[in-house]
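Visitor: See entry.tsv below, with TSV, C-alpha atoms and all ligand atoms.
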```tsv
chain	number	residue	atom	x	y	z
Q	16	MET	CA	46.62	122.01	32.58
Q	17	GLN	CA	47.08	119.31	35.17
Q	18	LEU	CA	49.27	120.02	38.16
Q	19	ALA	CA	52.24	117.94	39.18
Q	20	ASN	CA	55.51	118.53	41.00
Q	21	TYR	CA	58.48	116.19	41.05
Q	22	HIS	CA	60.99	118.13	43.13
Q	23	THR	CA	60.10	117.63	46.78
Q	24	HIS	CA	62.16	117.36	49.97
Q	25	THR	CA	60.94	115.73	53.18
Q	26	THR	CA	62.34	115.05	56.66
Q	27	PHE	CA	64.41	112.27	55.07
Q	28	SER	CA	66.77	115.05	53.90
Q	29	ASP	CA	66.30	118.79	54.47
Q	30	GLY	CA	62.52	119.10	54.10
Q	31	LEU	CA	60.28	119.94	57.05
Q	32	GLU	CA	57.56	117.28	56.97
Q	33	ALA	CA	56.98	113.57	56.39
Q	34	PRO	CA	56.29	112.42	52.80
Q	35	GLU	CA	52.65	111.59	53.48
Q	36	ASN	CA	51.85	115.21	54.33
Q	37	TYR	CA	52.97	116.24	50.84
Q	38	VAL	CA	50.69	113.62	49.31
Q	39	LEU	CA	47.76	114.92	51.37
Q	40	GLU	CA	48.47	118.49	50.26
Q	41	ALA	CA	48.81	117.34	46.64
Q	42	LEU	CA	45.37	115.69	46.88
Q	43	ASN	CA	44.04	118.84	48.49
Q	44	GLN	CA	45.28	120.85	45.48
Q	45	LYS	CA	43.84	118.26	43.07
Q	46	MET	CA	47.24	117.44	41.66
Q	47	VAL	CA	47.69	114.42	39.40
Q	48	ALA	CA	51.19	113.50	40.53
Q	49	CYS	CA	53.60	114.00	43.39
Q	50	GLY	CA	57.23	113.02	42.94
Q	51	PHE	CA	59.75	112.83	45.78
Q	52	SER	CA	63.35	113.88	45.27
Q	53	ASP	CA	65.11	113.98	48.62
Q	54	HIS	CA	68.86	114.62	48.57
Q	55	ALA	CA	70.78	111.38	48.04
Q	56	PRO	CA	73.40	110.37	50.65
Q	57	ILE	CA	76.91	111.63	49.89
Q	58	LEU	CA	80.00	110.17	51.48
Q	59	PHE	CA	82.80	112.64	50.75
Q	60	ASP	CA	85.32	110.80	52.83
Q	61	PRO	CA	84.99	107.68	55.00
Q	62	SER	CA	86.30	109.63	57.99
Q	63	ARG	CA	83.37	112.09	57.80
Q	64	PRO	CA	79.66	111.46	58.27
Q	65	TYR	CA	77.26	111.13	55.35
Q	66	VAL	CA	75.83	114.41	54.04
Q	67	PHE	CA	72.01	114.81	53.69
Q	68	MET	CA	71.05	111.26	54.76
Q	69	SER	CA	72.64	107.94	55.68
Q	70	PRO	CA	72.28	104.73	53.66
Q	71	GLY	CA	69.92	103.46	56.39
Q	72	GLN	CA	67.71	106.52	55.95
Q	73	LEU	CA	67.84	105.98	52.19
Q	74	SER	CA	66.32	102.51	52.49
Q	75	ALA	CA	63.68	103.80	54.90
Q	76	TYR	CA	62.88	106.62	52.43
Q	77	LEU	CA	62.57	104.24	49.51
Q	78	SER	CA	60.22	101.91	51.44
Q	79	GLU	CA	58.11	104.82	52.65
Q	80	ILE	CA	57.58	106.09	49.09
Q	81	GLU	CA	56.68	102.54	47.98
Q	82	ARG	CA	54.18	102.32	50.84
Q	83	LEU	CA	52.58	105.61	49.78
Q	84	LYS	CA	52.37	104.47	46.14
Q	85	THR	CA	50.27	101.52	47.26
Q	86	ALA	CA	48.26	103.38	49.87
Q	87	TYR	CA	47.19	106.15	47.47
Q	88	SER	CA	47.00	104.06	44.30
Q	89	GLY	CA	44.17	105.21	42.02
Q	90	ARG	CA	43.97	108.64	43.68
Q	91	ILE	CA	47.27	110.22	42.71
Q	92	GLN	CA	50.45	109.11	40.97
Q	93	ILE	CA	53.37	108.97	43.37
Q	94	TRP	CA	56.92	108.75	42.06
Q	95	LYS	CA	60.18	107.79	43.69
Q	96	GLY	CA	63.15	109.96	42.78
Q	97	LEU	CA	66.26	111.45	44.31
Q	98	GLU	CA	68.08	114.73	43.83
Q	99	VAL	CA	71.55	113.40	43.19
Q	100	ASP	CA	74.63	115.59	43.41
Q	101	TYR	CA	77.44	115.24	40.97
Q	102	VAL	CA	80.80	115.47	42.72
Q	103	PRO	CA	83.76	114.10	40.73
Q	104	GLU	CA	85.04	110.81	42.19
Q	105	VAL	CA	82.44	111.03	44.98
Q	106	ILE	CA	78.87	110.70	43.69
Q	107	SER	CA	76.77	110.71	40.53
Q	108	VAL	CA	73.58	109.06	39.31
Q	109	ASP	CA	75.78	106.09	38.37
Q	110	SER	CA	76.95	105.49	41.95
Q	111	GLU	CA	76.06	102.03	43.18
Q	112	HIS	CA	73.62	103.14	45.90
Q	113	ILE	CA	71.74	105.26	43.37
Q	114	ARG	CA	71.57	102.58	40.67
Q	115	LYS	CA	70.34	100.06	43.23
Q	116	ALA	CA	67.59	102.35	44.53
Q	117	GLY	CA	65.08	101.43	41.78
Q	118	LEU	CA	64.15	105.04	41.12
Q	119	ASP	CA	61.51	106.31	38.72
Q	120	TYR	CA	63.70	109.30	37.85
Q	121	THR	CA	66.72	111.31	38.95
Q	122	VAL	CA	67.19	115.06	39.38
Q	123	GLY	CA	70.84	115.98	38.92
Q	124	ALA	CA	72.39	118.97	40.66
Q	125	ILE	CA	75.62	120.70	41.60
Q	126	HIS	CA	75.55	122.09	45.16
Q	127	PHE	CA	79.24	121.56	45.96
Q	128	VAL	CA	82.12	123.14	44.09
Q	129	ASP	CA	85.59	121.95	45.07
Q	130	TYR	CA	87.10	121.96	48.59
Q	131	TYR	CA	88.57	124.21	51.25
Q	132	GLN	CA	92.20	123.57	52.14
Q	133	SER	CA	90.99	121.61	55.16
Q	134	GLY	CA	89.39	119.14	52.75
Q	135	ARG	CA	85.88	120.29	53.60
Q	136	PRO	CA	83.65	120.45	50.51
Q	137	TRP	CA	82.31	123.90	49.60
Q	138	TYR	CA	78.51	124.02	49.74
Q	139	PHE	CA	78.08	127.27	47.83
Q	140	ALA	CA	74.30	127.51	48.03
Q	141	GLY	CA	73.91	127.81	51.79
Q	142	SER	CA	74.46	131.40	52.90
Q	143	ALA	CA	75.85	134.69	51.60
Q	144	ARG	CA	78.67	134.36	54.14
Q	145	GLY	CA	79.52	130.83	53.09
Q	146	PHE	CA	79.55	131.91	49.47
Q	147	ALA	CA	81.89	134.80	50.19
Q	148	LYS	CA	84.19	132.52	52.19
Q	149	GLY	CA	84.50	129.87	49.47
Q	150	MET	CA	84.95	132.53	46.83
Q	151	GLU	CA	87.85	133.98	48.80
Q	152	GLN	CA	89.53	130.82	50.03
Q	153	ILE	CA	89.06	128.57	47.02
Q	154	PHE	CA	88.83	131.02	44.13
Q	155	ASN	CA	90.84	133.96	45.42
Q	156	ASN	CA	87.79	136.15	44.83
Q	157	ASP	CA	87.94	135.45	41.11
Q	158	ILE	CA	84.24	135.18	40.29
Q	159	ARG	CA	84.90	134.16	36.70
Q	160	SER	CA	86.88	131.09	37.62
Q	161	CYS	CA	84.32	130.21	40.27
Q	162	VAL	CA	81.38	130.47	37.86
Q	163	ARG	CA	83.29	128.69	35.10
Q	164	ARG	CA	84.14	125.86	37.47
Q	165	TYR	CA	80.48	125.55	38.45
Q	166	PHE	CA	79.26	125.33	34.85
Q	167	SER	CA	82.04	122.95	33.87
Q	168	LEU	CA	80.83	120.63	36.63
Q	169	VAL	CA	77.27	120.86	35.30
Q	170	ARG	CA	78.53	119.94	31.82
Q	171	GLU	CA	80.59	117.07	33.19
Q	172	MET	CA	77.51	115.71	34.94
Q	173	VAL	CA	75.41	116.10	31.79
Q	174	GLN	CA	77.98	114.41	29.57
Q	175	LEU	CA	79.35	111.68	31.83
Q	176	HIS	CA	76.58	110.86	34.29
Q	177	PRO	CA	73.33	112.24	32.89
Q	178	PRO	CA	70.30	112.45	35.19
Q	179	ASP	CA	66.76	112.65	33.76
Q	180	ILE	CA	66.35	116.27	34.86
Q	181	VAL	CA	68.96	119.02	35.25
Q	182	ALA	CA	68.04	120.95	38.40
Q	183	HIS	CA	68.34	124.72	38.85
Q	184	LEU	CA	70.85	125.22	36.02
Q	185	ASP	CA	72.18	128.61	37.18
Q	186	LEU	CA	72.08	128.09	40.97
Q	187	ILE	CA	75.51	129.76	41.13
Q	188	LYS	CA	73.64	133.09	40.83
Q	189	LYS	CA	71.85	132.49	44.15
Q	190	MET	CA	74.06	134.95	46.09
Q	191	ASN	CA	74.34	137.34	43.15
Q	192	ARG	CA	71.34	139.50	44.09
Q	193	GLY	CA	71.56	142.93	42.50
Q	194	GLY	CA	74.52	141.78	40.39
Q	195	ARG	CA	76.79	141.78	43.44
Q	196	TYR	CA	79.34	139.43	41.89
Q	197	PHE	CA	78.72	139.47	38.14
Q	198	SER	CA	76.39	140.55	35.37
Q	199	GLU	CA	74.36	137.98	33.48
Q	200	GLN	CA	74.80	140.23	30.45
Q	201	ALA	CA	78.58	139.69	30.46
Q	202	LEU	CA	79.77	137.80	27.43
Q	203	TRP	CA	81.95	135.39	29.44
Q	204	TYR	CA	78.93	134.46	31.59
Q	205	GLN	CA	76.59	133.98	28.66
Q	206	GLU	CA	79.18	131.81	26.91
Q	207	GLU	CA	79.28	129.45	29.90
Q	208	VAL	CA	75.50	129.19	30.01
Q	209	VAL	CA	75.20	128.65	26.27
Q	210	LYS	CA	77.86	125.89	26.28
Q	211	THR	CA	76.00	124.20	29.10
Q	212	LEU	CA	72.64	124.43	27.34
Q	213	GLU	CA	74.26	122.91	24.25
Q	214	ALA	CA	75.44	119.98	26.32
Q	215	ILE	CA	71.92	119.49	27.72
Q	216	ALA	CA	70.39	119.64	24.24
Q	217	GLN	CA	72.91	117.11	22.95
Q	218	ALA	CA	72.31	114.74	25.82
Q	219	GLY	CA	68.53	115.09	25.41
Q	220	LEU	CA	67.89	115.91	29.06
Q	221	ILE	CA	65.01	117.78	30.66
Q	222	LEU	CA	65.70	121.32	31.84
Q	223	GLU	CA	64.09	122.15	35.16
Q	224	VAL	CA	62.34	125.48	35.64
Q	225	ASN	CA	62.69	125.95	39.38
Q	226	THR	CA	60.43	128.52	41.07
Q	227	GLN	CA	62.12	128.51	44.49
Q	228	SER	CA	64.12	131.71	43.92
Q	229	TYR	CA	60.85	133.48	43.17
Q	230	TYR	CA	58.62	132.38	46.04
Q	231	LYS	CA	61.27	131.90	48.72
Q	232	HIS	CA	63.91	134.51	48.03
Q	233	GLY	CA	61.86	137.18	46.25
Q	234	ALA	CA	64.04	137.08	43.12
Q	235	GLU	CA	62.63	138.32	39.84
Q	236	GLU	CA	63.95	135.36	37.90
Q	237	PRO	CA	63.52	131.62	38.31
Q	238	TYR	CA	66.36	129.10	37.89
Q	239	PRO	CA	67.39	129.44	35.13
Q	240	SER	CA	66.75	133.07	34.17
Q	241	ARG	CA	64.23	133.96	31.48
Q	242	TRP	CA	66.84	134.71	28.82
Q	243	VAL	CA	68.20	131.18	29.31
Q	244	LEU	CA	64.72	129.65	29.11
Q	245	SER	CA	64.02	131.62	25.97
Q	246	LEU	CA	67.13	130.21	24.32
Q	247	ALA	CA	66.34	126.71	25.56
Q	248	ASN	CA	62.91	127.05	24.01
Q	249	GLU	CA	64.40	128.11	20.65
Q	250	TRP	CA	66.54	124.99	20.74
Q	251	GLY	CA	63.60	122.76	21.61
Q	252	ILE	CA	64.98	121.62	24.98
Q	253	PRO	CA	62.17	119.97	26.95
Q	254	MET	CA	61.22	121.78	30.15
Q	255	HIS	CA	59.72	120.83	33.38
Q	256	LEU	CA	58.25	122.99	36.14
Q	257	ALA	CA	59.32	122.33	39.73
Q	258	SER	CA	58.85	124.08	43.05
Q	259	ASP	CA	61.69	122.40	44.98
Q	260	ALA	CA	59.25	122.15	47.91
Q	261	HIS	CA	60.66	121.83	51.42
Q	262	ARG	CA	57.24	121.89	53.09
Q	263	PRO	CA	53.81	120.75	51.86
Q	264	GLU	CA	52.47	124.29	51.28
Q	265	GLU	CA	55.24	124.81	48.72
Q	266	ILE	CA	54.20	121.93	46.52
Q	267	THR	CA	52.96	124.20	43.72
Q	268	ALA	CA	54.54	127.43	44.95
Q	269	GLY	CA	55.28	129.88	42.16
Q	270	PHE	CA	53.55	127.67	39.57
Q	271	GLN	CA	51.07	130.31	38.43
Q	272	TYR	CA	53.96	132.71	37.88
Q	273	GLY	CA	56.08	129.99	36.24
Q	274	MET	CA	53.42	128.81	33.84
Q	275	GLU	CA	52.43	132.32	32.78
Q	276	MET	CA	56.07	133.21	32.24
Q	277	LEU	CA	56.75	130.09	30.15
Q	278	TYR	CA	53.57	130.67	28.17
Q	279	GLY	CA	54.72	134.22	27.53
Q	280	LEU	CA	58.05	132.91	26.24
Q	281	GLY	CA	56.16	130.71	23.79
Q	282	VAL	CA	57.03	127.40	25.46
Q	283	PRO	CA	54.56	124.97	23.86
Q	284	ALA	CA	54.58	122.16	26.42
Q	285	LEU	CA	55.85	120.95	29.76
Q	286	ARG	CA	57.35	117.52	30.20
Q	287	VAL	CA	55.55	115.47	32.82
Q	288	PHE	CA	55.94	111.96	34.17
Q	289	GLU	CA	52.80	109.99	33.52
Q	290	ASP	CA	52.20	106.28	33.94
Q	291	GLY	CA	55.92	105.71	34.27
Q	292	ARG	CA	57.15	107.69	31.25
Q	293	TRP	CA	57.97	111.27	30.32
Q	294	ILE	CA	55.48	112.89	27.98
Q	295	ASP	CA	54.81	116.44	26.78
Q	296	GLN	CA	51.71	118.13	28.05
Q	297	PRO	CA	50.64	121.23	26.08
Q	298	LEU	CA	50.96	124.43	28.08
Q	299	GLU	CA	47.49	125.94	27.89
Q	300	LEU	CA	45.46	128.73	29.41
Q	301	PRO	CA	43.86	129.06	31.86
Q	302	PHE	CA	46.07	127.96	34.71
Q	303	THR	CA	44.34	127.18	37.92
Q	304	VAL	CA	46.65	126.84	40.83
Q	305	LEU	CA	44.65	126.31	43.98
Q	306	ARG	CA	46.09	127.83	47.10
Q	307	GLY	CA	49.30	128.57	45.23
Q	308	LEU	CA	51.96	130.07	47.44
Q	309	GLY	CA	54.08	132.92	46.25
Q	310	GLU	CA	51.62	134.24	43.68
Q	311	LYS	CA	50.74	137.41	45.58
Q	312	ARG	CA	53.70	139.33	44.19
Q	313	HIS	CA	52.53	138.62	40.70
Q	314	GLY	CA	50.34	141.15	38.86
R	401	ZN	ZN	69.03	121.52	44.69
R	402	ZN	ZN	66.02	120.37	45.75
```
Can you turn what I pasted into structure tokens?

Guide:
Amino acid sequence: MQLANYHTHTTFSDGLEAPENYVLEALNQKMVACGFSDHAPILFDPSRPYVFMSPGQLSAYLSEIERLKTAYSGRIQIWKGLEVDYVPEVISVDSEHIRKAGLDYTVGAIHFVDYYQSGRPWYFAGSARGFAKGMEQIFNNDIRSCVRRYFSLVREMVQLHPPDIVAHLDLIKKMNRGGRYFSEQALWYQEEVVKTLEAIAQAGLILEVNTQSYYKHGAEEPYPSRWVLSLANEWGIPMHLASDAHRPEEITAGFQYGMEMLYGLGVPALRVFEDGRWIDQPLELPFTVLRGLGEKRHG
């Protein structure tokens, strides 16, 4: 099994190091590919600053990844992507600055759900406090309408502005540790997830298996949870393993755990980007993750 990760953040958005340091770590871990997916610039309102990065930083990012492609050519495959939010009327993978970026692939995500009364967008994935505040002020503490709104946005993205990869499908559970807000067993919750998986299957998109919850937040489940992955596998939805690295040491973090879990669920292959196209690579034993972070809790 060859190692690759396509979900990586650098100092161009909210990651901690320059892109080249991730390439060096990828070489160190004998990886075959390293894909960059910094957060794309979002302009919610011309009177507010850009979120994540400015258009100037975007062009610097794109040139830096191009430079690395050339500099490390023949040693490792380097790919130029972006994690692109979907916010109705604000941004999607079809926005002009995204289409013009000449990307190898896009990772689509929902991190913002609606707005506070002040007009400020609600970034629900930041802190437990921020989650509680948005839940109260925007959704009147009605967790069902909040969760339903989140998944309806994911479906809208999938149907209207499909990315190549759907990132962390059930990120809305991030602040739900210990079932604080809802149970994943609840019928209404499972219905939302199932409808969303159906939309992904219909659109033929890749479902990301994101290990960040596991190695960074000590959660038992990845994004999405195992029961969701099991269903996705039954339906033949292609999957893709990603660490959502924000520093070089995280480039394969949780991969040993992720691969063993997917193997256990009977997932036959992982979709990887090779020579400029997506192909299926059989998921085989043994897995050898060198210096893998976040594996110590496992076994
Ligand atoms: Zn994300
Ligand atoms: Zn990310």

Visitor: Enumerate residues in contact with ligand ZN 401 (chain R): an atom-to-atom distance of at most 10 Å, counting all atoms listed in the file. Format the result as a PyMOL selection string.

Guide: chain Q and resi 22-24+52-54+98-100+122-126+140+181-184+186+225+227+259

Visitor: Can you work out the spacing between CA of Asp185 (chain Q) and CA of Asn36 (chain Q) in Å, to one decimal?

Guide: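 Between CA of Asp185 (chain Q) and CA of Asn36 (chain Q) the gap is 29.8 Å.
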
Visitor: Select, from Q:Pro239, Q:Tyr230, Q:Phe197, Q:His261, the residue with the minimum atom-to-atom distance to Val209 (chain Q), counting only C-alpha atoms.

Guide: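 Between Q:Pro239, Q:Tyr230, Q:Phe197, Q:His261, the residue approaching Val209 (chain Q) most closely is Q:Pro239.
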
Visitor: Looking at Q:Thr211, Q:Thr226, Q:Gln205, Q:Ser167, which one is nearest to ligand ZN 402 (chain R), with distances taken over all atoms listed in the file?

Guide: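 Between Q:Thr211, Q:Thr226, Q:Gln205, Q:Ser167, the residue approaching ligand ZN 402 (chain R) most closely is Q:Thr226.
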
Visitor: Using all atoms listed in the file, find the one residue out of Q:Val102, Q:Ile153, Q:Ile158, Q:Ala284 that sits nearest to Leu175 (chain Q).

Guide: Q:Val102

Visitor: Might I get the box with edges along x, y and z of the file that holds all atoms of region 162-181 of chain Q listed there, padded by 8 Å on every side, given as centre and edge lengths in Å to one decimal, as JSON?

Guide:
```
{"center_x": 75.2, "center_y": 120.7, "center_z": 34.0, "size_x": 33.8, "size_y": 35.6, "size_z": 24.9}
```

Visitor: Of the candidates Q:Arg262, Q:Lys188, Q:Arg164, Q:Arg286, which shows the shortest atom-to-atom distance to ligand ZN 402 (chain R), using all atoms listed in the file?

Guide: Q:Arg262
